[in-house]
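Have a look at data_26.txt below; it lists compact mmCIF, C-alpha atoms.
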```txt
# COMPACT_ATOMS: atom_id res chain seq x y z
CA MET A 637 87.56 85.36 116.45
CA GLY A 638 87.11 88.27 114.05
CA VAL A 639 84.71 91.15 114.30
CA THR A 640 81.64 91.06 112.06
CA LYS A 641 79.99 93.90 110.21
CA GLU A 642 76.99 93.33 112.49
CA ASP A 643 79.19 93.76 115.60
CA VAL A 644 80.39 97.13 114.32
CA GLU A 645 76.88 98.22 113.37
CA ALA A 646 75.45 97.21 116.75
CA ALA A 647 78.12 99.11 118.70
CA LEU A 648 77.71 102.26 116.61
CA ASN A 649 73.91 102.10 116.70
CA SER A 650 73.98 101.74 120.48
CA ALA A 651 76.46 104.54 121.16
CA LEU A 652 75.69 107.10 118.45
CA SER A 653 72.09 106.45 117.29
CA PRO A 654 72.95 107.24 113.66
CA SER A 655 70.32 108.30 111.13
CA HIS A 656 72.54 106.78 108.43
CA LEU A 657 75.14 104.08 108.86
CA GLU A 658 77.07 102.16 106.25
CA VAL A 659 79.67 99.62 107.33
CA ILE A 660 81.70 97.77 104.71
CA ASP A 661 83.98 94.87 105.60
CA THR A 662 87.01 95.47 103.38
CA SER A 663 88.96 92.55 104.79
CA GLY A 664 87.39 89.89 102.64
CA GLY A 665 85.29 88.57 105.50
CA CYS A 666 87.83 88.11 108.30
CA GLY A 667 86.66 91.24 110.15
CA ALA A 668 90.03 92.96 110.32
CA SER A 669 89.26 96.03 108.19
CA PHE A 670 86.19 98.25 107.82
CA ASP A 671 85.06 101.39 106.02
CA ILE A 672 82.43 103.44 107.85
CA GLU A 673 80.07 106.21 106.79
CA ILE A 674 78.00 107.57 109.70
CA VAL A 675 75.54 110.42 110.25
CA SER A 676 74.55 111.27 113.82
CA GLU A 677 72.97 114.17 115.69
CA LYS A 678 75.53 113.49 118.42
CA PHE A 679 78.16 115.00 116.10
CA GLU A 680 76.53 118.45 116.27
CA GLY A 681 79.05 121.07 117.39
CA LYS A 682 81.95 118.59 117.31
CA ARG A 683 85.12 118.93 115.24
CA LEU A 684 85.91 116.13 112.80
CA LEU A 685 88.68 114.80 115.06
CA ASP A 686 86.22 114.62 117.98
CA ARG A 687 83.70 112.78 115.79
CA HIS A 688 86.33 110.22 114.84
CA ARG A 689 87.21 109.80 118.51
CA MET A 690 83.54 109.19 119.29
CA VAL A 691 83.41 106.44 116.67
CA ASN A 692 86.63 104.89 117.96
CA ASN A 693 85.35 105.03 121.56
CA ALA A 694 82.10 103.37 120.52
CA LEU A 695 84.16 100.57 118.96
CA ALA A 696 86.69 100.24 121.81
CA GLU A 697 86.06 96.50 122.33
CA GLN A 698 85.95 95.72 118.60
CA MET A 699 89.13 97.73 117.95
CA LYS A 700 91.10 95.10 119.85
CA HIS A 701 90.52 92.83 116.83
CA ILE A 702 90.29 95.36 113.99
CA HIS A 703 93.51 96.22 112.17
CA ALA A 704 92.21 99.01 109.93
CA LEU A 705 89.26 101.35 110.32
CA SER A 706 88.53 104.03 107.74
CA ILE A 707 85.89 106.58 108.70
CA LYS A 708 84.94 107.84 105.26
CA LYS A 709 82.26 110.26 106.52
CA ALA A 710 81.25 111.39 110.00
CA LEU A 711 78.55 113.98 109.40
CA THR A 712 75.65 115.68 111.15
CA PRO A 713 72.16 115.26 109.66
CA VAL A 714 72.29 118.87 108.41
CA GLN A 715 75.55 118.17 106.58
CA TRP A 716 74.16 114.91 105.18
CA LYS A 717 70.86 116.33 103.89
CA PRO A 718 72.39 118.32 100.99
CA LYS A 719 74.24 115.18 99.89
CA GLU A 720 70.96 113.22 99.87
CA GLU A 721 69.33 115.96 97.80
CA GLN A 722 72.20 115.91 95.28
CA GLU A 723 71.85 112.15 94.89
CA ALA A 724 68.07 112.48 94.35
CA ARG A 725 68.63 115.04 91.58
CA LYS A 726 70.94 112.62 89.74
CA GLU A 727 68.19 109.99 89.50
```
Can the structure in the file be given as structure tokens, please?
Amino acid sequence: MGVTKEDVEAALNSALSPSHLEVIDTSGGCGASFDIEIVSEKFEGKRLLDRHRMVNNALAEQMKHIHALSIKKALTPVQWKPKEEQEARKE
């Protein structure tokens, strides 16, 4: 049985309480490959490698069935805010 987008979202929401989370199933629906963009206060003071480890640890059970995981962004809310403001200016 494959992992669903909802499985990934639930695990990350539970472990990291993100203020922004985007999970995209890039496997065509079989749950084997995901792209993730996540913003969490729990990333404060952590290096990027440590943030990625936190995401992987949160998904430890799901990773048994996932073949590819791409963490596109793992940011703190302070790092994310300027990006939100840039997007708002474009509109």
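Each of A:Cys666, A:Val639, A:Ile702, A:Val691 was checked against A:Ser653 using all atoms listed in the file; the smallest atom-to-atom distance is that of A:Val691.
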Problem - For A:His656: contacts at 12 Å, all atoms listed in the file, fewer than 6 positions along chain excluded, given as a ChimeraX atom specification - result: /A:645,648-649,672-677,709-713,715-717,720
Saved selection, atoms kept: C-alpha atoms, as a PDB file, in the coordinates of the input:
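Once written, selection_33.pdb looks like this:
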```
ATOM      1  CA  GLU A 645      76.880  98.220 113.370  1.00  0.00           C
ATOM      2  CA  LEU A 648      77.710 102.260 116.610  1.00  0.00           C
ATOM      3  CA  ASN A 649      73.910 102.100 116.700  1.00  0.00           C
ATOM      4  CA  ILE A 672      82.430 103.440 107.850  1.00  0.00           C
ATOM      5  CA  GLU A 673      80.070 106.210 106.790  1.00  0.00           C
ATOM      6  CA  ILE A 674      78.000 107.570 109.700  1.00  0.00           C
ATOM      7  CA  VAL A 675      75.540 110.420 110.250  1.00  0.00           C
ATOM      8  CA  SER A 676      74.550 111.270 113.820  1.00  0.00           C
ATOM      9  CA  GLU A 677      72.970 114.170 115.690  1.00  0.00           C
ATOM     10  CA  LYS A 709      82.260 110.260 106.520  1.00  0.00           C
ATOM     11  CA  ALA A 710      81.250 111.390 110.000  1.00  0.00           C
ATOM     12  CA  LEU A 711      78.550 113.980 109.400  1.00  0.00           C
ATOM     13  CA  THR A 712      75.650 115.680 111.150  1.00  0.00           C
ATOM     14  CA  PRO A 713      72.160 115.260 109.660  1.00  0.00           C
ATOM     15  CA  GLN A 715      75.550 118.170 106.580  1.00  0.00           C
ATOM     16  CA  TRP A 716      74.160 114.910 105.180  1.00  0.00           C
ATOM     17  CA  LYS A 717      70.860 116.330 103.890  1.00  0.00           C
ATOM     18  CA  GLU A 720      70.960 113.220  99.870  1.00  0.00           C
TER      19      GLU A 720
END
```
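Separating atom CA of A:Asp643 from atom CA of A:Ala704 is a distance of 15.1 Å.
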Quick one: everything within 12 Å of A:Ala696, counting only C-alpha atoms, minus sequence neighbours fewer than 2 positions away in the same chain. Send it as a PDB file with C-alpha atoms, in the frame of the given file.
```pdb
ATOM      1  CA  VAL A 639      84.710  91.150 114.300  1.00  0.00           C
ATOM      2  CA  ASP A 643      79.190  93.760 115.600  1.00  0.00           C
ATOM      3  CA  VAL A 644      80.390  97.130 114.320  1.00  0.00           C
ATOM      4  CA  ALA A 647      78.120  99.110 118.700  1.00  0.00           C
ATOM      5  CA  LEU A 648      77.710 102.260 116.610  1.00  0.00           C
ATOM      6  CA  ALA A 651      76.460 104.540 121.160  1.00  0.00           C
ATOM      7  CA  ARG A 689      87.210 109.800 118.510  1.00  0.00           C
ATOM      8  CA  MET A 690      83.540 109.190 119.290  1.00  0.00           C
ATOM      9  CA  VAL A 691      83.410 106.440 116.670  1.00  0.00           C
ATOM     10  CA  ASN A 692      86.630 104.890 117.960  1.00  0.00           C
ATOM     11  CA  ASN A 693      85.350 105.030 121.560  1.00  0.00           C
ATOM     12  CA  ALA A 694      82.100 103.370 120.520  1.00  0.00           C
ATOM     13  CA  GLN A 698      85.950  95.720 118.600  1.00  0.00           C
ATOM     14  CA  MET A 699      89.130  97.730 117.950  1.00  0.00           C
ATOM     15  CA  LYS A 700      91.100  95.100 119.850  1.00  0.00           C
ATOM     16  CA  HIS A 701      90.520  92.830 116.830  1.00  0.00           C
ATOM     17  CA  ILE A 702      90.290  95.360 113.990  1.00  0.00           C
ATOM     18  CA  LEU A 705      89.260 101.350 110.320  1.00  0.00           C
TER      19      LEU A 705
END
```
Exercise for the section: Check the smallest atom-to-atom distance from each of A:Ser655, A:Thr662, A:Phe670, A:Arg687 to A:Val714 using only C-alpha atoms, then report the winner. Expected result: A:Ser655
Need the axis-aligned box for stretch 655-670 of chain A with 8 Å each side, so what are the centre and edges in Å to one decimal, as JSON?
```
{"center_x": 80.2, "center_y": 98.2, "center_z": 106.9, "size_x": 35.7, "size_y": 36.2, "size_z": 24.5}
```
Exercise for the section: Grab the atom CA of A:Leu685 to atom CA of A:Ile707 distance for me, in Å with one decimal place. Expected result: 10.8 Å
Practice task
Could you check how far atom CA of A:Ser669 sits from atom CA of A:His703, in Å to one decimal?
Solution key: 5.8 Å
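Comparing the minimum interatomic distances between A:Leu657 and each of A:Gly681, A:Thr640, A:Asp686, A:Lys708, counting only C-alpha atoms, we find that A:Lys708 sits nearest.
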Handout entry: Nearest candidate to A:Lys678 (options A:Leu695, A:Val659, A:Ala646, A:Leu652; using only C-alpha atoms)
Key = A:Leu652
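The shortest atom-to-atom distance to A:Ile660, with only C-alpha atoms taken into account, belongs to A:Ser706 out of A:Gly638, A:Glu680, A:Ser706, A:Glu697.
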Could you give me stretch 682-693 of chain A completed to all heavy atoms, formatted as a compact mmCIF listing (two decimals), keeping the file's coordinate frame?
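Contents of part33.txt, freshly written:
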```
# COMPACT_ATOMS: atom_id res chain seq x y z
N LYS A 682 80.67 119.29 117.10
CA LYS A 682 81.95 118.59 117.31
C LYS A 682 82.84 118.75 116.09
O LYS A 682 82.37 118.71 114.96
CB LYS A 682 81.73 117.10 117.56
CG LYS A 682 80.78 116.78 118.70
CD LYS A 682 81.50 116.82 120.01
CE LYS A 682 80.68 116.16 121.09
NZ LYS A 682 80.02 117.05 121.98
N ARG A 683 84.15 118.92 116.34
CA ARG A 683 85.12 118.93 115.24
C ARG A 683 85.24 117.52 114.68
O ARG A 683 84.92 116.54 115.34
CB ARG A 683 86.48 119.39 115.76
CG ARG A 683 86.51 120.80 116.28
CD ARG A 683 87.90 121.21 116.76
NE ARG A 683 88.81 120.11 116.92
CZ ARG A 683 89.50 119.85 118.03
NH1 ARG A 683 89.37 120.61 119.08
NH2 ARG A 683 90.34 118.83 118.08
N LEU A 684 85.76 117.43 113.46
CA LEU A 684 85.91 116.13 112.80
C LEU A 684 86.75 115.17 113.64
O LEU A 684 86.40 114.00 113.79
CB LEU A 684 86.52 116.30 111.41
CG LEU A 684 86.65 115.03 110.58
CD1 LEU A 684 85.29 114.37 110.35
CD2 LEU A 684 87.32 115.33 109.25
N LEU A 685 87.83 115.66 114.22
CA LEU A 685 88.68 114.80 115.06
C LEU A 685 87.88 114.24 116.24
O LEU A 685 87.99 113.06 116.57
CB LEU A 685 89.89 115.59 115.56
CG LEU A 685 90.86 114.83 116.45
CD1 LEU A 685 91.44 113.62 115.72
CD2 LEU A 685 91.98 115.74 116.91
N ASP A 686 87.05 115.08 116.86
CA ASP A 686 86.22 114.62 117.98
C ASP A 686 85.20 113.58 117.52
O ASP A 686 84.91 112.63 118.25
CB ASP A 686 85.53 115.79 118.66
CG ASP A 686 86.51 116.73 119.33
OD1 ASP A 686 87.54 116.25 119.83
OD2 ASP A 686 86.25 117.95 119.35
N ARG A 687 84.66 113.75 116.34
CA ARG A 687 83.70 112.78 115.79
C ARG A 687 84.37 111.43 115.59
O ARG A 687 83.81 110.39 115.91
CB ARG A 687 83.13 113.29 114.47
CG ARG A 687 82.31 114.55 114.61
CD ARG A 687 81.91 115.08 113.26
NE ARG A 687 81.27 116.38 113.40
CZ ARG A 687 80.68 117.02 112.39
NH1 ARG A 687 80.66 116.48 111.18
NH2 ARG A 687 80.13 118.19 112.60
N HIS A 688 85.58 111.46 115.05
CA HIS A 688 86.33 110.22 114.84
C HIS A 688 86.64 109.55 116.18
O HIS A 688 86.55 108.32 116.30
CB HIS A 688 87.61 110.49 114.05
CG HIS A 688 87.36 110.69 112.59
ND1 HIS A 688 88.14 110.12 111.62
CD2 HIS A 688 86.41 111.39 111.92
CE1 HIS A 688 87.69 110.46 110.42
NE2 HIS A 688 86.64 111.23 110.60
N ARG A 689 86.97 110.36 117.18
CA ARG A 689 87.21 109.80 118.51
C ARG A 689 85.95 109.15 119.07
O ARG A 689 86.03 108.10 119.72
CB ARG A 689 87.69 110.89 119.46
CG ARG A 689 89.12 111.29 119.21
CD ARG A 689 89.57 112.37 120.18
NE ARG A 689 90.95 112.71 119.93
CZ ARG A 689 91.47 113.92 120.10
NH1 ARG A 689 90.71 114.90 120.54
NH2 ARG A 689 92.75 114.14 119.85
N MET A 690 84.80 109.77 118.83
CA MET A 690 83.54 109.19 119.29
C MET A 690 83.29 107.82 118.65
O MET A 690 82.85 106.89 119.32
CB MET A 690 82.38 110.15 118.99
CG MET A 690 82.41 111.42 119.81
SD MET A 690 81.23 112.67 119.24
CE MET A 690 79.68 111.91 119.74
N VAL A 691 83.57 107.72 117.37
CA VAL A 691 83.41 106.44 116.67
C VAL A 691 84.39 105.41 117.25
O VAL A 691 84.01 104.28 117.55
CB VAL A 691 83.62 106.61 115.14
CG1 VAL A 691 83.71 105.26 114.45
CG2 VAL A 691 82.52 107.46 114.53
N ASN A 692 85.64 105.81 117.41
CA ASN A 692 86.63 104.89 117.96
C ASN A 692 86.27 104.46 119.38
O ASN A 692 86.45 103.29 119.73
CB ASN A 692 88.03 105.52 117.93
CG ASN A 692 88.64 105.46 116.54
OD1 ASN A 692 88.61 104.43 115.89
ND2 ASN A 692 89.19 106.56 116.10
N ASN A 693 85.77 105.38 120.20
CA ASN A 693 85.35 105.03 121.56
C ASN A 693 84.18 104.06 121.55
O ASN A 693 84.13 103.13 122.36
CB ASN A 693 85.00 106.29 122.36
CG ASN A 693 86.21 107.11 122.73
OD1 ASN A 693 87.33 106.61 122.75
ND2 ASN A 693 86.00 108.39 123.01
```
